[in-house]
file query-v7.pdb (PDB, C-alpha atoms)
ATOM      1  CA  MET A   1     -16.602  -1.021 -14.603
ATOM      2  CA  ARG A   2     -13.131  -0.773 -13.147
ATOM      3  CA  ASP A   3     -11.824  -3.975 -14.674
ATOM      4  CA  ASP A   4      -8.327  -3.403 -15.837
ATOM      5  CA  PRO A   5      -6.949  -6.261 -17.950
ATOM      6  CA  THR A   6      -3.380  -5.104 -17.312
ATOM      7  CA  VAL A   7      -3.751  -5.534 -13.563
ATOM      8  CA  VAL A   8      -5.308  -8.976 -13.934
ATOM      9  CA  ALA A   9      -2.401 -10.078 -16.125
ATOM     10  CA  LEU A  10       0.191  -8.623 -13.755
ATOM     11  CA  VAL A  11      -1.332 -10.340 -10.724
ATOM     12  CA  ASP A  12      -1.479 -13.648 -12.596
ATOM     13  CA  ARG A  13       2.175 -13.384 -13.537
ATOM     14  CA  ALA A  14       3.257 -12.352 -10.034
ATOM     15  CA  ARG A  15       1.385 -15.369  -8.636
ATOM     16  CA  ASP A  16       3.477 -17.540 -10.914
ATOM     17  CA  GLY A  17       6.603 -16.039  -9.377
ATOM     18  CA  ASP A  18       7.345 -13.368 -11.991
ATOM     19  CA  ARG A  19       9.334 -10.726 -10.149
ATOM     20  CA  ALA A  20       9.177  -8.202 -13.002
ATOM     21  CA  ALA A  21       5.371  -8.322 -12.839
ATOM     22  CA  TRP A  22       5.489  -7.722  -9.096
ATOM     23  CA  ASP A  23       7.833  -4.761  -9.573
ATOM     24  CA  GLU A  24       5.403  -3.302 -12.080
ATOM     25  CA  ILE A  25       2.479  -3.710  -9.692
ATOM     26  CA  VAL A  26       4.445  -1.873  -7.005
ATOM     27  CA  GLU A  27       5.498   0.895  -9.386
ATOM     28  CA  ARG A  28       1.942   1.399 -10.597
ATOM     29  CA  TYR A  29       0.319   1.479  -7.177
ATOM     30  CA  ALA A  30       2.989   2.814  -4.794
ATOM     31  CA  PRO A  31       1.765   6.373  -5.534
ATOM     32  CA  LEU A  32      -1.764   5.307  -4.524
ATOM     33  CA  VAL A  33      -0.525   3.818  -1.240
ATOM     34  CA  TRP A  34       1.624   6.893  -0.682
ATOM     35  CA  SER A  35      -1.194   9.319  -1.332
ATOM     36  CA  VAL A  36      -3.543   7.505   1.081
ATOM     37  CA  CYS A  37      -0.814   7.728   3.767
ATOM     38  CA  GLN A  38      -0.484  11.481   3.252
ATOM     39  CA  ARG A  39      -3.977  11.987   4.647
ATOM     40  CA  PHE A  40      -2.789  10.862   8.081
ATOM     41  CA  ARG A  41      -0.409  12.738  10.301
ATOM     42  CA  LEU A  42       2.285  10.097  10.344
ATOM     43  CA  ALA A  43       6.043  10.514  10.614
ATOM     44  CA  PRO A  44       7.937   9.681   7.410
ATOM     45  CA  ALA A  45       9.365   6.508   9.011
ATOM     46  CA  ASP A  46       5.841   5.363   9.870
ATOM     47  CA  VAL A  47       4.681   5.994   6.312
ATOM     48  CA  ASP A  48       7.512   3.725   5.156
ATOM     49  CA  ASP A  49       6.394   1.061   7.630
ATOM     50  CA  VAL A  50       2.824   1.224   6.365
ATOM     51  CA  GLY A  51       4.084   0.833   2.809
ATOM     52  CA  ALA A  52       6.140  -2.203   3.799
ATOM     53  CA  ILE A  53       3.215  -3.850   5.587
ATOM     54  CA  VAL A  54       0.807  -3.275   2.725
ATOM     55  CA  TRP A  55       3.084  -4.941   0.188
ATOM     56  CA  LEU A  56       4.096  -7.760   2.541
ATOM     57  CA  ARG A  57       0.419  -8.529   3.100
ATOM     58  CA  LEU A  58      -0.273  -8.449  -0.597
ATOM     59  CA  VAL A  59       2.553 -10.904  -1.270
ATOM     60  CA  GLU A  60       1.043 -13.176   1.353
ATOM     61  CA  ARG A  61      -2.387 -12.900  -0.241
ATOM     62  CA  LEU A  62      -1.514 -13.065  -3.917
ATOM     63  CA  ASP A  63      -2.826 -16.596  -4.203
ATOM     64  CA  SER A  64      -6.124 -15.838  -2.548
ATOM     65  CA  ILE A  65      -7.069 -12.738  -4.544
ATOM     66  CA  ARG A  66      -9.853 -14.040  -6.728
ATOM     67  CA  GLU A  67     -10.627 -10.780  -8.458
ATOM     68  CA  PRO A  68      -7.389  -8.961  -9.286
ATOM     69  CA  ALA A  69      -9.522  -6.072 -10.530
ATOM     70  CA  VAL A  70     -10.330  -5.158  -6.933
ATOM     71  CA  LEU A  71      -6.628  -4.643  -6.192
ATOM     72  CA  PRO A  72      -6.710  -0.814  -6.065
ATOM     73  CA  GLY A  73      -9.602  -0.913  -3.598
ATOM     74  CA  TRP A  74      -7.871  -3.551  -1.479
ATOM     75  CA  LEU A  75      -4.652  -1.512  -1.424
ATOM     76  CA  ALA A  76      -6.460   1.679  -0.430
ATOM     77  CA  THR A  77      -8.425  -0.063   2.331
ATOM     78  CA  THR A  78      -5.419  -1.918   3.726
ATOM     79  CA  THR A  79      -3.331   1.262   3.668
ATOM     80  CA  ARG A  80      -6.025   3.263   5.465
ATOM     81  CA  ARG A  81      -6.423   0.558   8.089
ATOM     82  CA  GLU A  82      -2.676   0.351   8.729
ATOM     83  CA  CYS A  83      -2.354   4.132   8.918
ATOM     84  CA  LEU A  84      -5.195   4.338  11.443
ATOM     85  CA  ASN A  85      -3.611   1.513  13.390
ATOM     86  CA  LEU A  86      -0.298   3.347  13.595
ATOM     87  CA  VAL A  87      -1.987   6.610  14.483
ATOM     88  CA  ARG A  88      -3.581   4.784  17.420
ATOM     89  CA  VAL A  89      -0.350   3.082  18.463
ATOM     90  CA  ARG A  90       1.679   6.272  18.235
ATOM     91  CA  SER A  91      -0.858   8.386  20.062
ATOM     92  CA  ARG A  92      -0.946   5.850  22.893
ATOM     93  CA  TYR A  93      -4.618   5.173  22.305
ATOM     94  CA  THR A  94      -5.920   8.657  22.822
ATOM     95  CA  ASP A  95      -9.100   9.603  21.022
ATOM     96  CA  LEU A  96      -8.810  10.051  17.322
ATOM     97  CA  ASP A  97      -9.796  13.196  15.554
ATOM     98  CA  ASP A  98     -13.087  12.877  13.778
ATOM     99  CA  ASP A  99     -11.556  13.663  10.432
ATOM    100  CA  LEU A 100      -9.379  10.582  10.741
ATOM    101  CA  ARG A 101     -12.157   8.329  11.861
ATOM    102  CA  ASP A 102     -14.581   9.360   9.156
ATOM    103  CA  ASP A 103     -12.941   7.557   6.320
ATOM    104  CA  THR A 104     -15.727   5.775   4.529
ATOM    105  CA  GLY A 105     -18.584   6.837   2.338
ATOM    106  CA  PRO A 106     -18.825   8.850  -0.862
ATOM    107  CA  ALA A 107     -15.813  11.092  -0.230
ATOM    108  CA  SER A 108     -13.592   8.075   0.225
ATOM    109  CA  ASP A 109     -14.969   6.369  -2.915
ATOM    110  CA  HIS A 110     -14.466   9.539  -4.836
ATOM    111  CA  ARG A 111     -10.836   9.773  -3.738
ATOM    112  CA  LEU A 112     -10.172   6.161  -4.641
ATOM    113  CA  LEU A 113     -11.586   6.739  -8.122
ATOM    114  CA  ALA A 114      -9.379   9.798  -8.552
ATOM    115  CA  GLU A 115      -6.354   7.785  -7.440
ATOM    116  CA  GLU A 116      -7.204   4.939  -9.806
ATOM    117  CA  ARG A 117      -7.590   7.483 -12.581
ATOM    118  CA  HIS A 118      -4.119   8.776 -11.801
ATOM    119  CA  VAL A 119      -2.698   5.239 -11.998
ATOM    120  CA  ALA A 120      -4.355   4.774 -15.404
ATOM    121  CA  LEU A 121      -3.189   8.209 -16.593
ATOM    122  CA  ARG A 122       0.426   7.403 -15.757
ATOM    123  CA  ALA A 123       0.198   4.026 -17.464
ATOM    124  CA  ALA A 124      -1.358   5.572 -20.575
ATOM    125  CA  PHE A 125       1.256   8.332 -20.573
ATOM    126  CA  ALA A 126       4.065   5.771 -20.423
ATOM    127  CA  ASP A 127       2.664   4.178 -23.605
ATOM    128  CA  LEU A 128       2.785   7.414 -25.599
ATOM    129  CA  SER A 129       5.523   8.215 -28.103
ATOM    130  CA  GLU A 130       8.543  10.036 -26.752
ATOM    131  CA  GLN A 131       7.537  13.155 -28.638
ATOM    132  CA  CYS A 132       4.045  13.179 -27.121
ATOM    133  CA  GLN A 133       5.466  12.572 -23.651
ATOM    134  CA  GLN A 134       7.861  15.487 -24.029
ATOM    135  CA  LEU A 135       5.210  17.843 -25.387
ATOM    136  CA  LEU A 136       2.593  16.991 -22.746
ATOM    137  CA  ALA A 137       5.178  17.209 -19.954
ATOM    138  CA  LEU A 138       6.004  20.752 -21.065
ATOM    139  CA  LEU A 139       2.310  21.600 -21.255
ATOM    140  CA  PHE A 140       1.140  20.170 -17.922
ATOM    141  CA  ARG A 141       3.860  21.947 -16.018
ATOM    142  CA  ASP A 142       2.630  24.375 -13.410
ATOM    143  CA  PRO A 143       2.829  27.105 -14.619
ATOM    144  CA  PRO A 144       2.640  25.820 -18.220
ATOM    145  CA  THR A 145       5.656  26.305 -20.449
ATOM    146  CA  PRO A 146       5.178  29.204 -22.916
ATOM    147  CA  TYR A 147       4.557  28.069 -26.515
ATOM    148  CA  ALA A 148       7.674  29.962 -27.665
ATOM    149  CA  THR A 149       9.830  27.907 -25.289
ATOM    150  CA  ILE A 150       8.137  24.659 -26.349
ATOM    151  CA  SER A 151       8.721  25.602 -29.962
ATOM    152  CA  ALA A 152      12.419  26.211 -29.324
ATOM    153  CA  THR A 153      12.839  23.096 -27.147
ATOM    154  CA  MET A 154      11.077  20.709 -29.490
ATOM    155  CA  GLY A 155      11.866  22.306 -32.844
ATOM    156  CA  LEU A 156       8.143  22.545 -33.502
ATOM    157  CA  PRO A 157       6.486  25.600 -35.094
ATOM    158  CA  VAL A 158       4.297  27.454 -32.591
ATOM    159  CA  GLY A 159       1.308  26.854 -34.867
ATOM    160  CA  GLY A 160       1.904  23.098 -34.662
ATOM    161  CA  ILE A 161       1.728  22.889 -30.873
ATOM    162  CA  GLY A 162      -2.068  23.091 -30.593
ATOM    163  CA  PRO A 163      -2.779  20.341 -33.142
ATOM    164  CA  ASN A 164      -0.039  18.117 -31.647
ATOM    165  CA  ARG A 165      -1.396  18.674 -28.149
ATOM    166  CA  GLN A 166      -4.804  17.554 -29.371
ATOM    167  CA  ARG A 167      -3.369  14.527 -31.195
ATOM    168  CA  CYS A 168      -1.328  13.391 -28.172
ATOM    169  CA  LEU A 169      -4.265  13.796 -25.769
ATOM    170  CA  GLU A 170      -6.427  11.839 -28.206
ATOM    171  CA  LYS A 171      -3.924   8.972 -28.020
ATOM    172  CA  LEU A 172      -3.899   9.204 -24.248
ATOM    173  CA  ARG A 173      -7.687   9.005 -24.187
ATOM    174  CA  ALA A 174      -7.581   5.932 -26.425
ATOM    175  CA  SER A 175      -5.979   3.886 -23.643
ATOM    176  CA  ALA A 176      -8.538   1.235 -22.732
ATOM    177  CA  GLN A 177      -7.966   1.306 -18.995
ATOM    178  CA  LEU A 178      -8.173   5.073 -18.905
ATOM    179  CA  ALA A 179     -11.344   5.191 -20.994
ATOM    180  CA  ALA A 180     -13.250   3.162 -18.390
ATOM    181  CA  LEU A 181     -12.226   5.527 -15.599
ATOM    182  CA  LEU A 182     -13.004   8.686 -17.555
ATOM    183  CA  ASP A 183     -16.516   7.305 -18.136
ATOM    184  CA  THR A 184     -16.882   6.703 -14.428
ATOM    185  CA  ALA A 185     -15.919  10.280 -13.703
ATOM    186  CA  THR A 186     -18.544  11.500 -16.160
ATOM    187  CA  GLU A 187     -21.270   9.400 -14.567
ATOM    188  CA  GLY A 188     -20.551  10.835 -11.162
ATOM    189  CA  ARG A 189     -21.209  14.415 -12.240
TER     190      ARG A 189
ATOM    191  CA  MET X   1     -20.500  19.153 -21.822
ATOM    192  CA  ASP X   2     -17.572  16.786 -21.610
ATOM    193  CA  PRO X   3     -16.086  17.027 -18.103
ATOM    194  CA  PHE X   4     -12.883  15.503 -19.419
ATOM    195  CA  ASP X   5     -12.147  17.943 -22.201
ATOM    196  CA  ASP X   6      -8.525  18.376 -23.229
ATOM    197  CA  ASP X   7      -7.795  21.049 -20.638
ATOM    198  CA  ARG X   8      -9.038  18.975 -17.749
ATOM    199  CA  LEU X   9      -7.374  15.826 -19.058
ATOM    200  CA  LEU X  10      -4.057  17.645 -19.279
ATOM    201  CA  ALA X  11      -4.478  19.088 -15.780
ATOM    202  CA  GLU X  12      -5.311  15.635 -14.376
ATOM    203  CA  LEU X  13      -2.321  14.136 -16.135
ATOM    204  CA  GLY X  14      -0.099  16.794 -14.591
ATOM    205  CA  ALA X  15      -1.527  16.106 -11.144
ATOM    206  CA  ALA X  16      -1.010  12.359 -11.621
ATOM    207  CA  MET X  17       2.605  12.773 -12.716
ATOM    208  CA  ARG X  18       3.408  15.228  -9.937
ATOM    209  CA  GLY X  19       1.761  12.893  -7.420
ATOM    210  CA  ALA X  20       3.995  10.017  -8.485
ATOM    211  CA  ALA X  21       7.079  12.227  -8.482
ATOM    212  CA  GLN X  22       6.581  12.904  -4.764
ATOM    213  CA  VAL X  23       6.884   9.237  -3.861
ATOM    214  CA  PRO X  24      10.392   8.568  -2.512
ATOM    215  CA  ALA X  25      12.333   5.882  -4.350
ATOM    216  CA  ARG X  26      12.879   3.941  -1.120
ATOM    217  CA  PHE X  27       9.106   3.684  -0.620
ATOM    218  CA  VAL X  28       8.886   1.872  -3.961
ATOM    219  CA  GLU X  29      11.975  -0.253  -3.315
ATOM    220  CA  VAL X  30      10.632  -1.539   0.011
ATOM    221  CA  GLY X  31       7.497  -2.652  -1.823
ATOM    222  CA  LYS X  32       9.497  -4.454  -4.467
ATOM    223  CA  SER X  33      11.650  -6.272  -1.950
ATOM    224  CA  ALA X  34       8.523  -7.672  -0.260
ATOM    225  CA  PHE X  35       8.391 -10.199  -3.099
ATOM    226  CA  ALA X  36      11.231 -12.086  -1.397
ATOM    227  CA  PHE X  37       8.627 -13.340   1.091
ATOM    228  CA  ARG X  38       6.572 -14.924  -1.637
ATOM    229  CA  GLY X  39       5.970 -18.621  -1.230
ATOM    230  CA  VAL X  40       6.257 -18.902   2.539
ATOM    231  CA  SER X  41       4.307 -22.098   2.825
ATOM    232  CA  ALA X  42       3.864 -22.285   6.582
ATOM    233  CA  GLU X  43       0.447 -21.728   8.031
ATOM    234  CA  ILE X  44      -0.486 -18.053   8.504
ATOM    235  CA  ALA X  45      -1.918 -17.046  11.868
ATOM    236  CA  ALA X  46      -4.459 -14.253  11.428
ATOM    237  CA  LEU X  47      -4.594 -11.248  13.740
ATOM    238  CA  THR X  48      -7.861 -11.723  15.635
ATOM    239  CA  HIS X  49      -7.398  -9.146  18.369
ATOM    240  CA  ASP X  50      -5.373  -5.970  18.598
ATOM    241  CA  SER X  51      -5.873  -3.597  21.499
ATOM    242  CA  ALA X  52      -4.580  -0.764  19.304
ATOM    243  CA  GLY X  53      -7.580  -1.289  17.075
ATOM    244  CA  ALA X  54     -10.055  -1.466  19.936
ATOM    245  CA  ALA X  55     -11.428   1.446  21.907
ATOM    246  CA  LEU X  56      -9.604   0.517  25.071
ATOM    247  CA  ALA X  57      -8.436   3.924  26.206
ATOM    248  CA  GLY X  58     -10.279   3.596  29.509
ATOM    249  CA  THR X  59      -8.899   0.217  30.491
ATOM    250  CA  ARG X  60      -5.298   0.921  29.655
ATOM    251  CA  ALA X  61      -4.120   1.697  33.174
ATOM    252  CA  GLU X  62      -4.954  -1.786  34.464
ATOM    253  CA  SER X  63      -2.044  -3.437  32.724
ATOM    254  CA  ALA X  64       1.625  -2.741  32.176
ATOM    255  CA  ALA X  65       1.151  -3.814  28.584
ATOM    256  CA  LEU X  66       1.012  -1.001  26.058
ATOM    257  CA  ARG X  67      -0.670  -3.198  23.542
ATOM    258  CA  SER X  68      -1.915  -6.757  23.299
ATOM    259  CA  LEU X  69      -2.415  -8.821  20.176
ATOM    260  CA  THR X  70      -3.689 -12.308  19.421
ATOM    261  CA  PHE X  71      -2.916 -14.362  16.328
ATOM    262  CA  VAL X  72      -4.786 -17.574  15.573
ATOM    263  CA  ALA X  73      -4.049 -20.440  13.205
ATOM    264  CA  GLY X  74      -6.321 -23.432  13.586
ATOM    265  CA  ALA X  75      -6.211 -24.582  17.205
ATOM    266  CA  VAL X  76      -3.073 -22.595  18.063
ATOM    267  CA  ALA X  77      -3.087 -19.046  19.360
ATOM    268  CA  ILE X  78      -0.089 -16.782  19.823
ATOM    269  CA  GLU X  79      -0.798 -14.072  22.387
ATOM    270  CA  LEU X  80       1.470 -11.061  22.563
ATOM    271  CA  GLU X  81       1.913  -8.185  24.924
ATOM    272  CA  ILE X  82       4.091  -5.215  24.151
ATOM    273  CA  THR X  83       5.567  -3.607  27.245
ATOM    274  CA  ALA X  84       7.969  -0.690  27.460
ATOM    275  CA  ASP X  85      11.038  -2.882  27.132
ATOM    276  CA  ALA X  86       9.931  -6.232  25.746
ATOM    277  CA  LEU X  87       7.614  -8.259  23.630
ATOM    278  CA  VAL X  88       6.340 -11.106  25.784
ATOM    279  CA  GLY X  89       4.119 -13.836  24.478
ATOM    280  CA  GLN X  90       2.499 -17.164  25.038
ATOM    281  CA  VAL X  91       1.619 -20.024  22.760
ATOM    282  CA  VAL X  92      -1.823 -21.442  23.602
ATOM    283  CA  PRO X  93      -2.267 -24.333  24.189
ATOM    284  CA  PRO X  94       1.272 -24.386  25.599
ATOM    285  CA  ARG X  95       3.966 -26.021  23.524
ATOM    286  CA  SER X  96       7.680 -25.529  23.482
ATOM    287  CA  GLY X  97       9.772 -24.644  20.488
ATOM    288  CA  GLU X  98      11.440 -21.662  18.974
ATOM    289  CA  ILE X  99      10.151 -18.292  17.876
ATOM    290  CA  GLU X 100      11.778 -16.090  15.298
ATOM    291  CA  LEU X 101      11.133 -12.378  14.886
ATOM    292  CA  VAL X 102      11.220 -11.401  11.218
ATOM    293  CA  GLY X 103      11.374  -7.909   9.674
ATOM    294  CA  PRO X 104      11.014  -6.805   6.035
ATOM    295  CA  THR X 105      14.707  -7.432   5.434
ATOM    296  CA  GLY X 106      14.894 -10.791   7.192
ATOM    297  CA  PRO X 107      15.179 -12.412  10.643
ATOM    298  CA  ILE X 108      15.803 -10.003  13.526
ATOM    299  CA  ALA X 109      16.037 -12.285  16.561
ATOM    300  CA  THR X 110      15.293 -15.799  17.748
ATOM    301  CA  THR X 111      14.321 -17.036  21.175
ATOM    302  CA  GLY X 112      13.132 -20.218  22.829
ATOM    303  CA  VAL X 113       9.547 -20.978  23.807
ATOM    304  CA  ASP X 114       9.481 -22.716  27.188
ATOM    305  CA  ASP X 115       7.377 -25.677  28.323
ATOM    306  CA  VAL X 116       4.436 -23.514  29.327
ATOM    307  CA  GLY X 117       4.511 -21.680  26.024
ATOM    308  CA  TRP X 118       6.131 -18.463  27.233
ATOM    309  CA  PHE X 119       8.683 -16.438  25.350
ATOM    310  CA  ALA X 120      10.148 -12.931  25.552
ATOM    311  CA  LEU X 121      12.018 -10.763  23.082
ATOM    312  CA  ARG X 122      14.025  -7.749  24.229
ATOM    313  CA  PRO X 123      14.028  -4.924  23.369
ATOM    314  CA  ALA X 124      10.443  -4.545  22.198
ATOM    315  CA  PRO X 125      10.577  -4.520  18.407
ATOM    316  CA  THR X 126       9.096  -1.655  16.389
ATOM    317  CA  GLY X 127       8.097  -1.414  12.751
ATOM    318  CA  PRO X 128       6.704  -4.129  10.470
ATOM    319  CA  VAL X 129       7.266  -7.611  11.894
ATOM    320  CA  ARG X 130       5.961 -11.133  11.846
ATOM    321  CA  LEU X 131       6.707 -14.063  14.133
ATOM    322  CA  HIS X 132       7.627 -17.513  12.960
ATOM    323  CA  LEU X 133       6.840 -20.243  15.467
ATOM    324  CA  ARG X 134       8.449 -23.635  15.071
ATOM    325  CA  THR X 135       7.136 -26.027  17.685
ATOM    326  CA  ALA X 136       9.142 -28.917  19.070
ATOM    327  CA  ASP X 137       6.688 -31.296  17.423
ATOM    328  CA  GLY X 138       7.462 -29.878  14.009
ATOM    329  CA  GLU X 139       4.647 -27.427  13.347
ATOM    330  CA  SER X 140       5.478 -24.165  11.586
ATOM    331  CA  ILE X 141       3.268 -21.087  11.895
ATOM    332  CA  HIS X 142       3.795 -17.532  10.664
ATOM    333  CA  THR X 143       1.794 -14.651  12.053
ATOM    334  CA  GLU X 144       0.372 -12.034   9.731
ATOM    335  CA  TRP X 145       2.554  -8.984   9.172
ATOM    336  CA  THR X 146       1.863  -6.329  11.782
ATOM    337  CA  THR X 147       3.349  -2.947  12.621
ATOM    338  CA  LEU X 148       4.454  -2.597  16.212
TER     339      LEU X 148
END
call {"tool": "encode", "arguments": {"input": "query-v7.pdb", "output": "structure tokens"}}
result
Amino acid sequence: MRDDPTVVALVDRARDGDRAAWDEIVERYAPLVWSVCQRFRLAPADVDDVGAIVWLRLVERLDSIREPAVLPGWLATTTRRECLNLVRVRSRYTDLDDDLRDDTGPASDHRLLAEERHVALRAAFADLSEQCQQLLALLFRDPPTPYATISATMGLPVGGIGPNRQRCLEKLRASAQLAALLDTATEGR
Amino acid sequence: MDPFDDDRLLAELGAAMRGAAQVPARFVEVGKSAFAFRGVSAEIAALTHDSAGAALAGTRAESAALRSLTFVAGAVAIELEITADALVGQVVPPRSGEIELVGPTGPIATTGVDDVGWFALRPAPTGPVRLHLRTADGESIHTEWTTL
């Protein structure tokens, strides 16, 4: 269900010593590791340490990962474990808050899926044409850019924005890795 | 009803892009530089015990150690205790050699392991580290990466 051929290929290449593939893995998933860390009350320096440990462990384990498709889950689990570990070390072993301890179950799965979807969305976005990227970036801004401004910025008639928005989102949706995750989200509802 | 209609897809895309934009560049760079440790062929000693991961709050006062950890590779164990000012350890069964403390950017310190397997590193290291034990009889063991 979550098989992502891109990840499998990247892990294979990194195993063979391809540094560019490793860099791409880190760029794709650093936001996932980061976002898991944000759920814990850690100092910025500790968040950096967790990040370092997670990637160092992955490097060590590259050869033994049999199913590269489970990478996002492995990263999320390892990050959570390291964050909890540091919370314990830093708090000198006092009792943990319940909200930190309760980190399994449906809520956690749901968050991981959302984070994987974000990884796929960014990858799909990066594959879009420059024009689509520019248009969507103006549209997903919070608050959204007014159509008149988009029209002036992009030299696009206001009446053409709607159809172009639809066309660009259609291309985004067509990304194979994203399609699988959008299906998953539908099933869960 | 399609839960991922265009409006929701666009909103999710925005959230995804904003999420990534929050990640500091150094956080990504540290991850990339980890690749330098690829191909370390020595045996890896797995963390089998970590007092920080155990519910030991009640027993803490008995020892001066703030934290104890055990790494095991085959028949060799490396036992560590973190005290306020040092990392002290023992190789079990005892064997002499040299132990190197390694951080994400490279070696931090080196010290000898005496005949009964004892070693000490001062000050106590913090952050992500691993130890590299080279025994006098030529064995080479790395511990797993651990945050102290």
call {"tool": "residues_around", "arguments": {"input": "query-v7.pdb", "residues": "region 57-71 of chain A", "least_positions_apart": "2", "cutoff": "9 Å", "atoms": "all atoms listed in the file", "output": "PyMOL selection string"}}
result
(chain A and resi 2-5+7-12+14-15+22+52-55+73-76+78) or (chain X and resi 34-40+44+144-145)
call {"tool": "resolve_selection", "arguments": {"input": "query-v7.pdb", "expression": "the ChimeraX specification (/A :<8) & /X", "output": "number ranges by chain"}}
result
X: 2-4, 6, 9-17, 19-20, 23, 27-28, 30-32, 34-35, 37-40, 52-53, 55-57, 66, 104, 127-128, 144-148
call {"tool": "atom_distance", "arguments": {"input": "query-v7.pdb", "atom1": "CA of Thr48 (chain X)", "atom2": "CA of Ala75 (chain X)"}}
result
13.1 Å
call {"tool": "atom_distance", "arguments": {"input": "query-v7.pdb", "atom1": "CA of Ser175 (chain A)", "atom2": "CA of Ala126 (chain A)"}}
result
10.7 Å
call {"tool": "residues_around", "arguments": {"input": "query-v7.pdb", "residues": "Asp50 (chain X)", "least_positions_apart": "3", "cutoff": "10 Å", "atoms": "only C-alpha atoms", "output": "VMD selection string"}}
result
(chain A and resid 85) or (chain X and resid 47 53 to 54 67 to 71 80 to 81 146)
call {"tool": "atom_distance", "arguments": {"input": "query-v7.pdb", "atom1": "CA of Asp137 (chain X)", "atom2": "CA of Gly89 (chain X)"}}
result
19.0 Å
call {"tool": "resolve_selection", "arguments": {"input": "query-v7.pdb", "expression": "the PyMOL selection byres ((chain X and resi 92) around 7)", "output": "PDB file with C-alpha atoms, in the coordinates of the input"}}
result
ATOM      1  CA  VAL X  76      -3.073 -22.595  18.063  1.00  0.00           C
ATOM      2  CA  ALA X  77      -3.087 -19.046  19.360  1.00  0.00           C
ATOM      3  CA  ILE X  78      -0.089 -16.782  19.823  1.00  0.00           C
ATOM      4  CA  GLN X  90       2.499 -17.164  25.038  1.00  0.00           C
ATOM      5  CA  VAL X  91       1.619 -20.024  22.760  1.00  0.00           C
ATOM      6  CA  PRO X  93      -2.267 -24.333  24.189  1.00  0.00           C
ATOM      7  CA  PRO X  94       1.272 -24.386  25.599  1.00  0.00           C
ATOM      8  CA  GLY X 117       4.511 -21.680  26.024  1.00  0.00           C
TER       9      GLY X 117
END
call {"tool": "axis_aligned_box", "arguments": {"input": "query-v7.pdb", "around": "region 131-134 of chain X", "padding_each_side": "3 Å", "output": "AutoDock Vina command-line options"}}
result
--center_x 7.6 --center_y -18.8 --center_z 14.2 --size_x 7.7 --size_y 15.6 --size_z 8.5
call {"tool": "closest_residue", "arguments": {"input": "query-v7.pdb", "among": "A:Leu135, A:Ala174, A:Leu181, A:Leu42", "to": "Gly162 (chain A)", "atoms": "all atoms listed in the file"}}
result
A:Leu135
call {"tool": "residues_around", "arguments": {"input": "query-v7.pdb", "residues": "Ala109 (chain X)", "least_positions_apart": "4", "cutoff": "12 Å", "atoms": "all atoms listed in the file", "output": "VMD selection string"}}
result
chain X and resid 87 98 to 103 120 to 125 129 to 132
call {"tool": "resolve_selection", "arguments": {"input": "query-v7.pdb", "expression": "the PyMOL selection byres ((chain X and resi 114) around 9)", "output": "ChimeraX atom specification"}}
result
/X:94-98,112-113,115-119
call {"tool": "residues_around", "arguments": {"input": "query-v7.pdb", "residues": "region 159-161 of chain A", "least_positions_apart": "5", "cutoff": "12 Å", "atoms": "only C-alpha atoms", "output": "list in words"}}
result
Gln131, Cys132, Gln134, Leu135, Leu136, Leu138, Leu139, Thr145, Pro146, Tyr147, Ala148, Thr149, Ile150, Ser151, Ala152, Thr153, Met154, Gln166, Arg167 and Cys168 of chain A
call {"tool": "decode", "arguments": {"input": "query-v7.pdb", "residues": "region 19-28 of chain A", "atoms": "N, CA and C atoms", "output": "PDB file, in the first residue's frame"}}
result
ATOM      1  N   ARG A  19      26.351   8.958  -2.916  1.00  0.00           N
ATOM      2  CA  ARG A  19      26.118  10.038  -1.959  1.00  0.00           C
ATOM      3  C   ARG A  19      24.929  10.909  -2.353  1.00  0.00           C
ATOM      4  N   ALA A  20      24.752  11.127  -3.659  1.00  0.00           N
ATOM      5  CA  ALA A  20      23.633  11.971  -4.110  1.00  0.00           C
ATOM      6  C   ALA A  20      22.301  11.332  -3.710  1.00  0.00           C
ATOM      7  N   ALA A  21      22.238  10.006  -3.775  1.00  0.00           N
ATOM      8  CA  ALA A  21      21.003   9.310  -3.385  1.00  0.00           C
ATOM      9  C   ALA A  21      20.756   9.483  -1.893  1.00  0.00           C
ATOM     10  N   TRP A  22      21.834   9.390  -1.119  1.00  0.00           N
ATOM     11  CA  TRP A  22      21.705   9.595   0.331  1.00  0.00           C
ATOM     12  C   TRP A  22      21.196  11.006   0.632  1.00  0.00           C
ATOM     13  N   ASP A  23      21.806  11.997  -0.044  1.00  0.00           N
ATOM     14  CA  ASP A  23      21.382  13.384   0.174  1.00  0.00           C
ATOM     15  C   ASP A  23      19.893  13.548  -0.113  1.00  0.00           C
ATOM     16  N   GLU A  24      19.436  12.848  -1.164  1.00  0.00           N
ATOM     17  CA  GLU A  24      18.027  12.981  -1.528  1.00  0.00           C
ATOM     18  C   GLU A  24      17.122  12.333  -0.468  1.00  0.00           C
ATOM     19  N   ILE A  25      17.583  11.201   0.061  1.00  0.00           N
ATOM     20  CA  ILE A  25      16.812  10.560   1.134  1.00  0.00           C
ATOM     21  C   ILE A  25      16.677  11.522   2.309  1.00  0.00           C
ATOM     22  N   VAL A  26      17.797  12.147   2.678  1.00  0.00           N
ATOM     23  CA  VAL A  26      17.778  13.068   3.824  1.00  0.00           C
ATOM     24  C   VAL A  26      16.861  14.262   3.533  1.00  0.00           C
ATOM     25  N   GLU A  27      16.974  14.806   2.321  1.00  0.00           N
ATOM     26  CA  GLU A  27      16.138  15.966   1.994  1.00  0.00           C
ATOM     27  C   GLU A  27      14.655  15.615   2.017  1.00  0.00           C
ATOM     28  N   ARG A  28      14.339  14.440   1.516  1.00  0.00           N
ATOM     29  CA  ARG A  28      12.924  14.018   1.498  1.00  0.00           C
ATOM     30  C   ARG A  28      12.370  13.847   2.902  1.00  0.00           C
TER      31      ARG A  28
END
